[in-house]
Amino acid sequence: MLGNALFSRTDKILLTALRAIIFILLLLPVFATAQQFTSTIKGKVTDKESKQPLWGVNIIVLNTNPPLGATTDETGNFKMENVSVGRHTLRFTYVGYADATISEVLLTSGKETFLNVEMQEQVKNMQEVVITNHRDKSRANNDFATVSVRSFSAEEMNRYAGTLNDPARMAQSFAGVMTSNDENNQIVVRGNSPRGLLWRMEGVEIPNPNHFAGSEGSTGGGVSILSSNMLTNTDFLSGAFPAEFGNALSGVFDLNLRKGNTEKWEFAAQAGILGLEAALEGPFSRKYKGSYLINYRYSTLDILSLMGIKIGGNVLPKYQDLAFNFSFPSKKVGTFTLFGIGGLSSLGENAKRDTAAWETFSDKSEYRQKQMVGVVGATYLLLLKDNRTYIKSVVSYSYTNNSSGNDTLSNDFSPFSLSNEKFIYQTLRANVTLNSKLNSRNTIRSGFTYSNIRYKLYNEQFSFLQNKTQMLVNNTGYTSLYQAYIQWKHRFTETFQLNSGVHFTFSSINNKFYIEPRLGAEWRAAENHTLTLGTGIHSRIDAMSTYVSYENMNKLPNKKLDFSRAFHVVGGYNFGFLRDFRLKTEVYFQYLFAVPVGTDSNRTFSIVNYDDGFVNMPLKSEGTGYNYGLELTLEKFFSKNYFFMLTTSLFNSKYKAADGAWRNTAYNVNYVLNALGGKEFVVGKKKNNIIGINTKLIWRGGQRYTPVDLEKSIAANETVYDNTNAYNKKLPDYFRMDFGLSFRRNKKKYSWVFSFDAQNIINRQNVARYVYSPDKQAVVVKRNIGIVPVLSWKVMFGI
């Protein structure tokens, strides 16, 4: 809906404009100057397990002449000024710790670069070895994660073609991950429903952080609320999660917000097709190390509408969002932070007030959607005086209010409601984490989370078959979720470690208690060869409406449903060769059980095939399923001004509902291939400026679908599916090409970057689904959106 609204009527205009923009970008190096510019690199170095600052770490910039160096102070901080702009490699050395190397750090004028560096203590009393710890993006920020994890930075998110600065769209490039729909960023992980994804920020669960989020239970949307200006390194996990991650079945996005500059005021402004954006950061005062970071975006489409330019015709998506992170450090009592994100969005299409123009039923139909989502939270980090233990506490409040509806107009333009839904959530969460590094071999982490969830849910639908409006959900209430975990990491040697733990969950919605053991192991068999293993049991609560939906009014047949549960086991092999290359393979098996499935006339229904929406039928927790597959990744990390990644996923995804038959899941496409890469060209007489070109190719099998029962659809005047043949058909193969082009210019006190990022640059409209058309009384094809081009210009400067 969103993509068609934005781009279906403007392809020719945009494509002509894009050709002109690309031509201009290619000419920009002509205007480069010969002046050399410098900026500042600073950061903080801490122990990887205890988070304690390390005093006396030596830092050297490897690719400067003469070499530049620095040493951390008692707070673990370092600073290097007058470093030439461009990319640099830094090495960190400290007695008793493995060396750490961070490659290709991008430094621009007008913006200081801050690095959070973690170093790992070497195991004592072992044969002396020298370990160099390059920042391997296959490894997690979370040191308890051993398998199925990928860490990425905000810069990578900007670099990958077709991501539109969206972490969810970036994750679609990884092995085992694909999109469920081009019109939003919901992601399918290893054949699982997108509903199984967990979003976390600063260590606590958050609601779906996307505009135009769709219906109940959705974990994605059309435009991300998250800005790359706000994020630091993020972990994405796709299976066998460590014990601290609960309420997740398929994947985890573990987001972290960066802190503002503590010494200098900096400003960034961006203008593009989709929106205006501004970021402001800096210290509260020159004498205090506290800082603020604020980011705001406003939909350009709304501004164009006010000027009389309506890109989407009668459909006009509107959105705005705000994010902030305030830090209040203290040497005596620890560090407090206050953070938040929030967004408003709306979308609608009005019918023409001219009955003579009505030729089909859809001509007199109207659609509306509104969304409000927000999270505010406070964290407190206390480093204990033993220099080995920290306590982190987080309190958050979140609010979600989504509504949508469809109407049809009578000849006097009076609306008649065909559907109306609303879901409101207010959630208070409190989390405490205790982490203790007992010694160089052993680290223990434990935690507790309490969630109080209040909800107000409403859903009514008009049935053409019964010629009446049916009330499906109308419920207000609250429930509580209690989670606790303990996990232990033991390093037997420098090359072998074992992570074990258990997660506990109790829910008051069904009064069920769940115990979930987890285990992960990593063995560096040789210098460049690593074997990994992860296993565990995982569970996730479904959307509240699933538990409180009606049957024959006021009955709640699903009140006692179990959580959906899964057993994961993953084995992996990682081979690092040459300097920045790696070959990674993982094999996995997932067994799903206690899955809600339909009864009676809905005996082929299973929640594993559902991405969002109210579930209005009696269910029982007797469904099962399995996913197994092989994933291959060949990757060259960014160095020498280029990178590439090739991923292949071969898998099978099946489910069994109440009818007892094994069937394909909706997401059983069987194979996914991704190929992406990029190249930077350093230009200008002093090599101050950068041209970047990036591309991505996606090829995968078509999704499974249930055929339309044409005869019953004609009788009901709406789409009716032949559920006796659930998901036994397959759409044509899916193919897409994305493209990105940018030019970064450094001046003495500021820098700017002009970029063009396009999803589906070849404008291929893949088949999305088949539906019944009441106007044509036939089955018609619905296609995914075509090209989604985004032009933007961003400027950064400091005071």
# chains A, B, ... in the order shown; residues from 1 in each chain; ligands from 1
$ residues_around --residues "region 255-261 of chain A" --least-positions-apart "2" --cutoff "8 Å" --atoms "only C-alpha atoms" --output "PyMOL selection string"
chain A and resi 112+199-203+230-235+253+263-266+281-283+291-293+325-327
$ select_by_dssp --residues "region 164-318 of chain A" --states "alpha helix (DSSP H)" --output "VMD selection string"
chain A and resid 167 to 171 300 to 306
$ atom_distance --atom1 "CA of Leu237 (chain A)" --atom2 "CA of Arg150 (chain A)"
6.5 Å
$ closest_residue --among "A:Ala778, A:Tyr455, A:Lys392, A:Phe637" --to "Ser50 (chain A)" --atoms "only C-alpha atoms"
A:Lys392
$ atom_distance --atom1 "CA of Leu498 (chain A)" --atom2 "CA of Glu522 (chain A)"
6.6 Å
$ residues_around --residues "Ser792 (chain A)" --least-positions-apart "5" --cutoff "9 Å" --atoms "only C-alpha atoms" --output "list in words"
Gln270, Ala271, Gly272, Ile273, Leu274, Gly275, Val753, Phe754, Ser755, Phe756 and Asp757 of chain A
$ residues_around --residues "Ile102 (chain A)" --least-positions-apart "2" --cutoff "12 Å" --atoms "only C-alpha atoms" --output "number ranges by chain"
A: 59-62, 87-93, 99-100, 104-106, 115-119, 132-137, 580, 637-639
$ residues_around --residues "region 425-433 of chain A" --least-positions-apart "3" --cutoff "6 Å" --atoms "only C-alpha atoms" --output "NGL selection string"
:A and (391-400 or 446-455)
$ write_last_selection --atoms "N, CA, C and O atoms" --output "JSON list (two decimals), in the first residue's frame"
[["chain", "number", "residue", "atom", "x", "y", "z"],
["A", 391, "ILE", "N", 26.25, -3.24, 37.57],
["A", 391, "ILE", "CA", 24.80, -3.42, 37.67],
["A", 391, "ILE", "C", 24.16, -2.40, 36.74],
["A", 391, "ILE", "O", 24.47, -1.21, 36.78],
["A", 392, "LYS", "N", 23.28, -2.89, 35.87],
["A", 392, "LYS", "CA", 22.57, -2.01, 34.96],
["A", 392, "LYS", "C", 21.07, -2.16, 35.19],
["A", 392, "LYS", "O", 20.55, -3.28, 35.17],
["A", 393, "SER", "N", 20.38, -1.04, 35.39],
["A", 393, "SER", "CA", 18.94, -1.04, 35.61],
["A", 393, "SER", "C", 18.28, -0.19, 34.52],
["A", 393, "SER", "O", 18.81, 0.85, 34.13],
["A", 394, "VAL", "N", 17.14, -0.66, 34.03],
["A", 394, "VAL", "CA", 16.41, 0.04, 32.98],
["A", 394, "VAL", "C", 14.93, 0.06, 33.35],
["A", 394, "VAL", "O", 14.37, -0.97, 33.72],
["A", 395, "VAL", "N", 14.31, 1.24, 33.27],
["A", 395, "VAL", "CA", 12.88, 1.38, 33.42],
["A", 395, "VAL", "C", 12.35, 2.06, 32.16],
["A", 395, "VAL", "O", 12.91, 3.07, 31.72],
["A", 396, "SER", "N", 11.29, 1.51, 31.57],
["A", 396, "SER", "CA", 10.77, 2.09, 30.33],
["A", 396, "SER", "C", 9.25, 2.08, 30.33],
["A", 396, "SER", "O", 8.62, 1.25, 31.00],
["A", 397, "TYR", "N", 8.69, 3.00, 29.56],
["A", 397, "TYR", "CA", 7.25, 3.05, 29.34],
["A", 397, "TYR", "C", 7.03, 3.19, 27.84],
["A", 397, "TYR", "O", 7.66, 4.03, 27.17],
["A", 398, "SER", "N", 6.16, 2.36, 27.27],
["A", 398, "SER", "CA", 5.88, 2.43, 25.85],
["A", 398, "SER", "C", 4.39, 2.55, 25.61],
["A", 398, "SER", "O", 3.57, 2.07, 26.41],
["A", 399, "TYR", "N", 4.05, 3.19, 24.50],
["A", 399, "TYR", "CA", 2.64, 3.42, 24.14],
["A", 399, "TYR", "C", 2.49, 3.19, 22.64],
["A", 399, "TYR", "O", 3.27, 3.69, 21.84],
["A", 400, "THR", "N", 1.49, 2.41, 22.27],
["A", 400, "THR", "CA", 1.17, 2.16, 20.87],
["A", 400, "THR", "C", -0.32, 2.35, 20.66],
["A", 400, "THR", "O", -1.14, 1.82, 21.44],
["A", 446, "SER", "N", 23.33, -12.29, 35.19],
["A", 446, "SER", "CA", 21.96, -12.66, 35.54],
["A", 446, "SER", "C", 21.08, -11.43, 35.46],
["A", 446, "SER", "O", 21.57, -10.29, 35.51],
["A", 447, "GLY", "N", 19.77, -11.65, 35.35],
["A", 447, "GLY", "CA", 18.88, -10.51, 35.23],
["A", 447, "GLY", "C", 17.43, -10.88, 35.47],
["A", 447, "GLY", "O", 17.06, -12.06, 35.48],
["A", 448, "PHE", "N", 16.63, -9.84, 35.66],
["A", 448, "PHE", "CA", 15.19, -10.00, 35.89],
["A", 448, "PHE", "C", 14.46, -8.88, 35.17],
["A", 448, "PHE", "O", 14.91, -7.72, 35.18],
["A", 449, "THR", "N", 13.33, -9.21, 34.52],
["A", 449, "THR", "CA", 12.52, -8.22, 33.82],
["A", 449, "THR", "C", 11.05, -8.41, 34.20],
["A", 449, "THR", "O", 10.55, -9.54, 34.18],
["A", 450, "TYR", "N", 10.41, -7.31, 34.56],
["A", 450, "TYR", "CA", 8.97, -7.32, 34.82],
["A", 450, "TYR", "C", 8.29, -6.44, 33.78],
["A", 450, "TYR", "O", 8.72, -5.30, 33.54],
["A", 451, "SER", "N", 7.23, -6.95, 33.16],
["A", 451, "SER", "CA", 6.47, -6.20, 32.16],
["A", 451, "SER", "C", 5.00, -6.18, 32.56],
["A", 451, "SER", "O", 4.39, -7.24, 32.76],
["A", 452, "ASN", "N", 4.43, -4.99, 32.66],
["A", 452, "ASN", "CA", 3.00, -4.82, 32.89],
["A", 452, "ASN", "C", 2.39, -4.29, 31.60],
["A", 452, "ASN", "O", 2.71, -3.18, 31.15],
["A", 453, "ILE", "N", 1.52, -5.09, 30.97],
["A", 453, "ILE", "CA", 0.99, -4.79, 29.64],
["A", 453, "ILE", "C", -0.50, -4.51, 29.75],
["A", 453, "ILE", "O", -1.28, -5.38, 30.13],
["A", 454, "ARG", "N", -0.89, -3.29, 29.41],
["A", 454, "ARG", "CA", -2.30, -2.91, 29.38],
["A", 454, "ARG", "C", -2.73, -2.73, 27.93],
["A", 454, "ARG", "O", -2.01, -2.14, 27.14],
["A", 455, "TYR", "N", -3.92, -3.25, 27.60],
["A", 455, "TYR", "CA", -4.33, -3.27, 26.21],
["A", 455, "TYR", "C", -5.81, -2.90, 26.08],
["A", 455, "TYR", "O", -6.62, -3.08, 26.98]]
$ atom_distance --atom1 "CA of Asn58 (chain A)" --atom2 "CA of Glu494 (chain A)"
22.0 Å
$ residues_around --residues "Phe492 (chain A)" --least-positions-apart "6" --cutoff "12 Å" --atoms "only C-alpha atoms" --output "MDAnalysis selection string"
chainID A and resid 122:126 439:442 498:499 521:524
$ residues_around --residues "Glu586 (chain A)" --least-positions-apart "6" --cutoff "9 Å" --atoms "only C-alpha atoms" --output "JSON, numbers by chain"
{"A": [147, 148, 532, 570, 571, 572, 573, 574, 629, 630, 631, 632, 633]}
$ decode --residues "region 259-274 of chain A" --atoms "all heavy atoms" --output "PDB file, in the first residue's frame"
ATOM      1  N   LYS A 259      25.903   7.899  22.352  1.00  0.00           N
ATOM      2  CA  LYS A 259      25.848   9.103  23.181  1.00  0.00           C
ATOM      3  C   LYS A 259      26.359  10.302  22.386  1.00  0.00           C
ATOM      4  O   LYS A 259      27.170  10.175  21.470  1.00  0.00           O
ATOM      5  CB  LYS A 259      26.660   8.914  24.460  1.00  0.00           C
ATOM      6  CG  LYS A 259      26.088   7.863  25.399  1.00  0.00           C
ATOM      7  CD  LYS A 259      26.943   7.705  26.632  1.00  0.00           C
ATOM      8  CE  LYS A 259      26.270   6.787  27.649  1.00  0.00           C
ATOM      9  NZ  LYS A 259      25.992   5.458  27.116  1.00  0.00           N
ATOM     10  N   GLY A 260      25.907  11.480  22.764  1.00  0.00           N
ATOM     11  CA  GLY A 260      26.338  12.689  22.089  1.00  0.00           C
ATOM     12  C   GLY A 260      27.766  13.065  22.424  1.00  0.00           C
ATOM     13  O   GLY A 260      28.352  12.579  23.399  1.00  0.00           O
ATOM     14  N   ASN A 261      28.340  13.957  21.619  1.00  0.00           N
ATOM     15  CA  ASN A 261      29.693  14.445  21.833  1.00  0.00           C
ATOM     16  C   ASN A 261      29.768  15.167  23.180  1.00  0.00           C
ATOM     17  O   ASN A 261      28.931  16.014  23.489  1.00  0.00           O
ATOM     18  CB  ASN A 261      30.088  15.397  20.699  1.00  0.00           C
ATOM     19  CG  ASN A 261      31.576  15.621  20.615  1.00  0.00           C
ATOM     20  OD1 ASN A 261      32.262  15.725  21.616  1.00  0.00           O
ATOM     21  ND2 ASN A 261      32.079  15.714  19.387  1.00  0.00           N
ATOM     22  N   THR A 262      30.757  14.850  23.997  1.00  0.00           N
ATOM     23  CA  THR A 262      30.884  15.434  25.335  1.00  0.00           C
ATOM     24  C   THR A 262      31.734  16.698  25.362  1.00  0.00           C
ATOM     25  O   THR A 262      31.866  17.324  26.412  1.00  0.00           O
ATOM     26  CB  THR A 262      31.493  14.411  26.304  1.00  0.00           C
ATOM     27  OG1 THR A 262      32.792  14.023  25.833  1.00  0.00           O
ATOM     28  CG2 THR A 262      30.603  13.181  26.423  1.00  0.00           C
ATOM     29  N   GLU A 263      32.321  17.081  24.211  1.00  0.00           N
ATOM     30  CA  GLU A 263      33.223  18.229  24.210  1.00  0.00           C
ATOM     31  C   GLU A 263      32.860  19.288  23.180  1.00  0.00           C
ATOM     32  O   GLU A 263      33.302  20.434  23.301  1.00  0.00           O
ATOM     33  CB  GLU A 263      34.663  17.758  23.939  1.00  0.00           C
ATOM     34  CG  GLU A 263      35.196  16.816  25.010  1.00  0.00           C
ATOM     35  CD  GLU A 263      36.607  16.341  24.688  1.00  0.00           C
ATOM     36  OE1 GLU A 263      36.972  16.398  23.491  1.00  0.00           O
ATOM     37  OE2 GLU A 263      37.323  15.931  25.604  1.00  0.00           O
ATOM     38  N   LYS A 264      32.083  18.925  22.176  1.00  0.00           N
ATOM     39  CA  LYS A 264      31.870  19.837  21.060  1.00  0.00           C
ATOM     40  C   LYS A 264      30.426  19.747  20.592  1.00  0.00           C
ATOM     41  O   LYS A 264      29.845  18.672  20.562  1.00  0.00           O
ATOM     42  CB  LYS A 264      32.811  19.432  19.919  1.00  0.00           C
ATOM     43  CG  LYS A 264      32.817  20.353  18.718  1.00  0.00           C
ATOM     44  CD  LYS A 264      33.840  19.865  17.704  1.00  0.00           C
ATOM     45  CE  LYS A 264      33.903  20.751  16.475  1.00  0.00           C
ATOM     46  NZ  LYS A 264      34.893  20.271  15.484  1.00  0.00           N
ATOM     47  N   TRP A 265      29.834  20.889  20.234  1.00  0.00           N
ATOM     48  CA  TRP A 265      28.475  20.901  19.700  1.00  0.00           C
ATOM     49  C   TRP A 265      28.524  20.592  18.206  1.00  0.00           C
ATOM     50  O   TRP A 265      29.268  21.218  17.439  1.00  0.00           O
ATOM     51  CB  TRP A 265      27.824  22.262  19.943  1.00  0.00           C
ATOM     52  CG  TRP A 265      27.480  22.472  21.385  1.00  0.00           C
ATOM     53  CD1 TRP A 265      26.463  21.912  22.087  1.00  0.00           C
ATOM     54  CD2 TRP A 265      28.198  23.303  22.310  1.00  0.00           C
ATOM     55  NE1 TRP A 265      26.484  22.341  23.400  1.00  0.00           N
ATOM     56  CE2 TRP A 265      27.529  23.198  23.569  1.00  0.00           C
ATOM     57  CE3 TRP A 265      29.322  24.122  22.226  1.00  0.00           C
ATOM     58  CZ2 TRP A 265      27.961  23.865  24.704  1.00  0.00           C
ATOM     59  CZ3 TRP A 265      29.743  24.795  23.355  1.00  0.00           C
ATOM     60  CH2 TRP A 265      29.062  24.661  24.580  1.00  0.00           C
ATOM     61  N   GLU A 266      27.718  19.609  17.792  1.00  0.00           N
ATOM     62  CA  GLU A 266      27.694  19.181  16.403  1.00  0.00           C
ATOM     63  C   GLU A 266      26.262  19.153  15.885  1.00  0.00           C
ATOM     64  O   GLU A 266      25.321  18.863  16.633  1.00  0.00           O
ATOM     65  CB  GLU A 266      28.328  17.794  16.252  1.00  0.00           C
ATOM     66  CG  GLU A 266      29.811  17.773  16.570  1.00  0.00           C
ATOM     67  CD  GLU A 266      30.437  16.412  16.415  1.00  0.00           C
ATOM     68  OE1 GLU A 266      29.707  15.396  16.502  1.00  0.00           O
ATOM     69  OE2 GLU A 266      31.664  16.352  16.215  1.00  0.00           O
ATOM     70  N   PHE A 267      26.134  19.422  14.580  1.00  0.00           N
ATOM     71  CA  PHE A 267      24.809  19.510  13.964  1.00  0.00           C
ATOM     72  C   PHE A 267      24.840  18.777  12.623  1.00  0.00           C
ATOM     73  O   PHE A 267      25.821  18.857  11.884  1.00  0.00           O
ATOM     74  CB  PHE A 267      24.418  20.977  13.752  1.00  0.00           C
ATOM     75  CG  PHE A 267      23.059  21.152  13.131  1.00  0.00           C
ATOM     76  CD1 PHE A 267      21.908  21.008  13.887  1.00  0.00           C
ATOM     77  CD2 PHE A 267      22.938  21.467  11.787  1.00  0.00           C
ATOM     78  CE1 PHE A 267      20.655  21.164  13.313  1.00  0.00           C
ATOM     79  CE2 PHE A 267      21.690  21.623  11.197  1.00  0.00           C
ATOM     80  CZ  PHE A 267      20.543  21.473  11.975  1.00  0.00           C
ATOM     81  N   ALA A 268      23.752  18.065  12.330  1.00  0.00           N
ATOM     82  CA  ALA A 268      23.603  17.408  11.028  1.00  0.00           C
ATOM     83  C   ALA A 268      22.204  17.683  10.507  1.00  0.00           C
ATOM     84  O   ALA A 268      21.227  17.629  11.264  1.00  0.00           O
ATOM     85  CB  ALA A 268      23.839  15.904  11.141  1.00  0.00           C
ATOM     86  N   ALA A 269      22.108  18.006   9.233  1.00  0.00           N
ATOM     87  CA  ALA A 269      20.812  18.252   8.596  1.00  0.00           C
ATOM     88  C   ALA A 269      20.758  17.492   7.287  1.00  0.00           C
ATOM     89  O   ALA A 269      21.761  17.410   6.566  1.00  0.00           O
ATOM     90  CB  ALA A 269      20.595  19.739   8.355  1.00  0.00           C
ATOM     91  N   GLN A 270      19.584  16.924   6.994  1.00  0.00           N
ATOM     92  CA  GLN A 270      19.428  16.125   5.788  1.00  0.00           C
ATOM     93  C   GLN A 270      18.090  16.431   5.139  1.00  0.00           C
ATOM     94  O   GLN A 270      17.075  16.557   5.814  1.00  0.00           O
ATOM     95  CB  GLN A 270      19.532  14.635   6.129  1.00  0.00           C
ATOM     96  CG  GLN A 270      19.411  13.711   4.930  1.00  0.00           C
ATOM     97  CD  GLN A 270      19.752  12.274   5.272  1.00  0.00           C
ATOM     98  OE1 GLN A 270      20.752  12.004   5.917  1.00  0.00           O
ATOM     99  NE2 GLN A 270      18.910  11.342   4.846  1.00  0.00           N
ATOM    100  N   ALA A 271      18.098  16.542   3.820  1.00  0.00           N
ATOM    101  CA  ALA A 271      16.872  16.751   3.054  1.00  0.00           C
ATOM    102  C   ALA A 271      16.823  15.734   1.934  1.00  0.00           C
ATOM    103  O   ALA A 271      17.831  15.470   1.275  1.00  0.00           O
ATOM    104  CB  ALA A 271      16.828  18.169   2.476  1.00  0.00           C
ATOM    105  N   GLY A 272      15.641  15.125   1.740  1.00  0.00           N
ATOM    106  CA  GLY A 272      15.509  14.124   0.704  1.00  0.00           C
ATOM    107  C   GLY A 272      14.065  13.956   0.281  1.00  0.00           C
ATOM    108  O   GLY A 272      13.172  14.658   0.771  1.00  0.00           O
ATOM    109  N   ILE A 273      13.849  13.012  -0.615  1.00  0.00           N
ATOM    110  CA  ILE A 273      12.505  12.774  -1.134  1.00  0.00           C
ATOM    111  C   ILE A 273      11.543  12.392  -0.017  1.00  0.00           C
ATOM    112  O   ILE A 273      10.394  12.842   0.018  1.00  0.00           O
ATOM    113  CB  ILE A 273      12.542  11.685  -2.225  1.00  0.00           C
ATOM    114  CG1 ILE A 273      13.129  12.258  -3.514  1.00  0.00           C
ATOM    115  CG2 ILE A 273      11.147  11.125  -2.491  1.00  0.00           C
ATOM    116  CD1 ILE A 273      13.187  11.268  -4.647  1.00  0.00           C
ATOM    117  N   LEU A 274      11.991  11.546   0.901  1.00  0.00           N
ATOM    118  CA  LEU A 274      11.089  11.036   1.924  1.00  0.00           C
ATOM    119  C   LEU A 274      10.977  11.913   3.160  1.00  0.00           C
ATOM    120  O   LEU A 274      10.006  11.790   3.911  1.00  0.00           O
ATOM    121  CB  LEU A 274      11.524   9.629   2.353  1.00  0.00           C
ATOM    122  CG  LEU A 274      11.402   8.536   1.293  1.00  0.00           C
ATOM    123  CD1 LEU A 274      11.783   7.193   1.887  1.00  0.00           C
ATOM    124  CD2 LEU A 274      10.002   8.479   0.709  1.00  0.00           C
TER     125      LEU A 274
END
